[in-house]
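Notes for the one structure printed next.
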Amino acid sequence: MSEQGLRPETIAAHALRAVDETTGAVVPPIHTSSTYARDGNYIPKLRENYVRNGNPTLWQAEEAIAALECGSSALLFASGMAAITTLLETVPAGAHVVAPDVMYYGTRDWLKRLEALGRIRLSLFEPSRPGALEAAVRAGGTDLVWIETPLNPTWDVIDIAAAARTAHEAGAILAVDATATGAVTTQPLKLGADIVFHSATKYLNGHSDVLAGVLVTREQTGRWRDIAMLRTKIGAPLAPLECFLLMRGMRTLFLRYRQASANALTIARHFEHHPKLERVLYPGLASHPGHAIAVRQMTDGFGGMMSFLVKGGFEDAKRVCTRLKVIVPATSLGGVESLAEHRKTVEGPASPVPDNLVRISVGIEHVDDLIADLAQALAGL
Ligand SMILES: Cc1ncc(COP(=O)(O)O)c(C=O)c1O
């Protein structure tokens with residue numbers, strides 16, 4: 001329930017408020033103006049007077065996402081990576097950062113770049129090893145614990161409440177990349193996280209036609225005000241047209257996410273013991289190492305993301321992707337159409353991702369068509 005007493009499905013369907021107060025429009029207007037006039041006393045009519053600082057279309061989208069994540073404020077950025085790199089700008093010079101060793105490779109590469117430049121000290125932990133996060137955090141010395149859950153592309157699940165306790169005991173903040181939860185199945189801020197991040201390019205938009213990122217905070221701290229200031233100075237807010245498209249996508253968020261979750265669970269169970277597969281990685285399967293935490297933490301489905309470990313190796317996994325006829329061989333995730341990707345080809349030889357891993361973003365198509373497509377692709381190996 002939001003502060004206004006609305007359930008998340010209602011917040012998303014209305015993009016917070018269905019009717020524009022000035023015009024009665026049921027679809028929110030797009031404020032494309034880059035500048036806003038001052039009144040007769042030379043006071044800005046809006047709380048901001050230039051689009052890089054903010055605008056009504058941006059604020060409406062931000063308020064809806066903040067309400068969905070039970071946060072006090074949200075900031076939308078021109079991409080997920082713009083949001084992540086802006087947050088990392090607020091880590092004091094030389095401070096210690098802790099993050100998982102397998103995670104979205106763009107974030108890992110950026111953390112490693114900051115480490116190589118001497119800007120931060122970095123400890124990467126193995127998320128599936130009990131106690132690894134606690135061992136990596138240094139009491140009084142760690143500034144930021146960054147986790148991702150479920151983790152791209154192994155879909156390991158990290159216990160957010162436990163990570164928050166560890167971070168806070170050490171005097172650090174916990175930020176969670178919750179992109180794969182779609183803001184539907186887990187609310188990290190309620191579990192103790194300080195900041196939640198989404199690549200809004202994914203489930204929040206859901207139609208593979210917007211690039212966007214969002215940070216949501218539990219409390220409006222000095223650090224949060226710094227992030228907002230940096231977004232303005234760097235010039236990274238999401239543009240009004242994209243905000244509109246994002247809100248249009250969010251109106252069907254819960255329907256899309258739940259259908260993708262249901263499809264993914266059916267596919268994971270169907271292929272779990274397939275003779276051409278070494279393993280199916282999906283947090284909804286009892287065989288997944290993160291299943292017990294997922295049952296507690298993912299309260300509205302296990303999401304649409306899974307990976308297949310194909311018997312054979314690099315070339316066999318790649319061949320599965322090229323043989324698919326319905327599922328599109330493309331990067332990204334969280335859209336209505338299913339996508340498959342050979343991650344090692346994309347991430348490069350230095351990546352810790354297994355050579356035989358095919359990542360699948362399950363969409364909302366009829367599940368029988370997806371099963372038939374995957375079956376014929378595997379049959380050709
Ligand atoms: C888990 C995760 N985090 C962050 C990002 C980066 O987001 P963007 O591509 O919107 O910059 C992605 C993109 O694939 C992602 O999957």
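By order of appearance in the structure tokens: chains A, B, ..., then residues from 1 within every chain, and ligands from 1 in the order shown.
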
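Around ligand 1, using only C-alpha atoms and all ligand atoms and a cut-off of 7 Å, the residues in contact are Ser79, Gly80, Met81, Ala82, Tyr104, Gly106, Thr107, Glu148, Asn152, Asp177, Thr179, Ala180, His198, Ser199, Ala200, Thr201, Leu211, Ala212, Gly213, Ser332 and Leu333 of chain A.
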
| request: Report the residues of range 198-292 of chain A whose backbone DSSP state falls under strand (DSSP E or B), written as an NGL selection string. | output: :A and (198-199 or 213-217 or 237 or 277-281)

| Between CA of Ser73 in chain A and CA of Gln220 in chain A - distance in Å to one decimal |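 Value for the CA of Gln220 in chain A-CA of Ser73 in chain A distance: 7.1 Å.
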
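Residue nearest Ile364 in chain A, chosen from A:Gly303, A:Gly313, A:Pro349, A:Pro44 and counting only C-alpha atoms: A:Gly303.
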
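Of the residues under consideration (A:Ser72, A:Thr266, A:Ser128, A:Thr154), A:Ser72 shows the shortest atom-to-atom contact distance to Ile195 in chain A when counting only C-alpha atoms.
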
| field | Nearest candidate to Thr90 in chain A (options A:Arg38, A:Arg17, A:Arg218, A:Arg223; using only C-alpha atoms) | value | A:Arg223

| task | Using backbone DSSP assignments, extract all alpha helix (DSSP H) residues from range 223-360 of chain A; output them as JSON, numbers by chain. | result | {"A": [223, 224, 225, 226, 227, 228, 229, 230, 231, 232, 233, 234, 240, 241, 242, 243, 244, 245, 246, 247, 248, 249, 250, 253, 254, 255, 256, 257, 258, 259, 260, 261, 262, 263, 264, 265, 266, 267, 268, 269, 270, 271, 291, 292, 293, 294, 295, 296, 297, 314, 315, 316, 317, 318, 319, 320, 321, 322, 323, 343, 344, 345, 346, 347]}

| Residue with smallest distance to Glu89 in chain A - pool A:Arg47, A:His207, A:Arg231, A:Arg108, counting only C-alpha atoms | A:Arg231

| From A:Asp209, A:Thr32, A:Ala66, A:Ala162, residue lying nearest Pro130 in chain A [only C-alpha atoms] |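 Of all the options, A:Ala162 lies closest to Pro130 in chain A.
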
| task | Do a neighbour search on range 53-62 of chain A at 10 Å with only C-alpha atoms, toss out local chain neighbours closer than 4 positions, and write the hits as a PyMOL selection string. | result | chain A and resi 12+15-17+28-36+46-49+66-68+73-77+214-216+228-229+231-233+235-248+250

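When CA of Val346 in chain A is paired with CA of Ile293 in chain A, their separation reads 29.1 Å.
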
| task | Calculate how many Å separate CA of Thr142 in chain A from CA of Glu219 in chain A, rounding to one decimal. | result | 19.7 Å
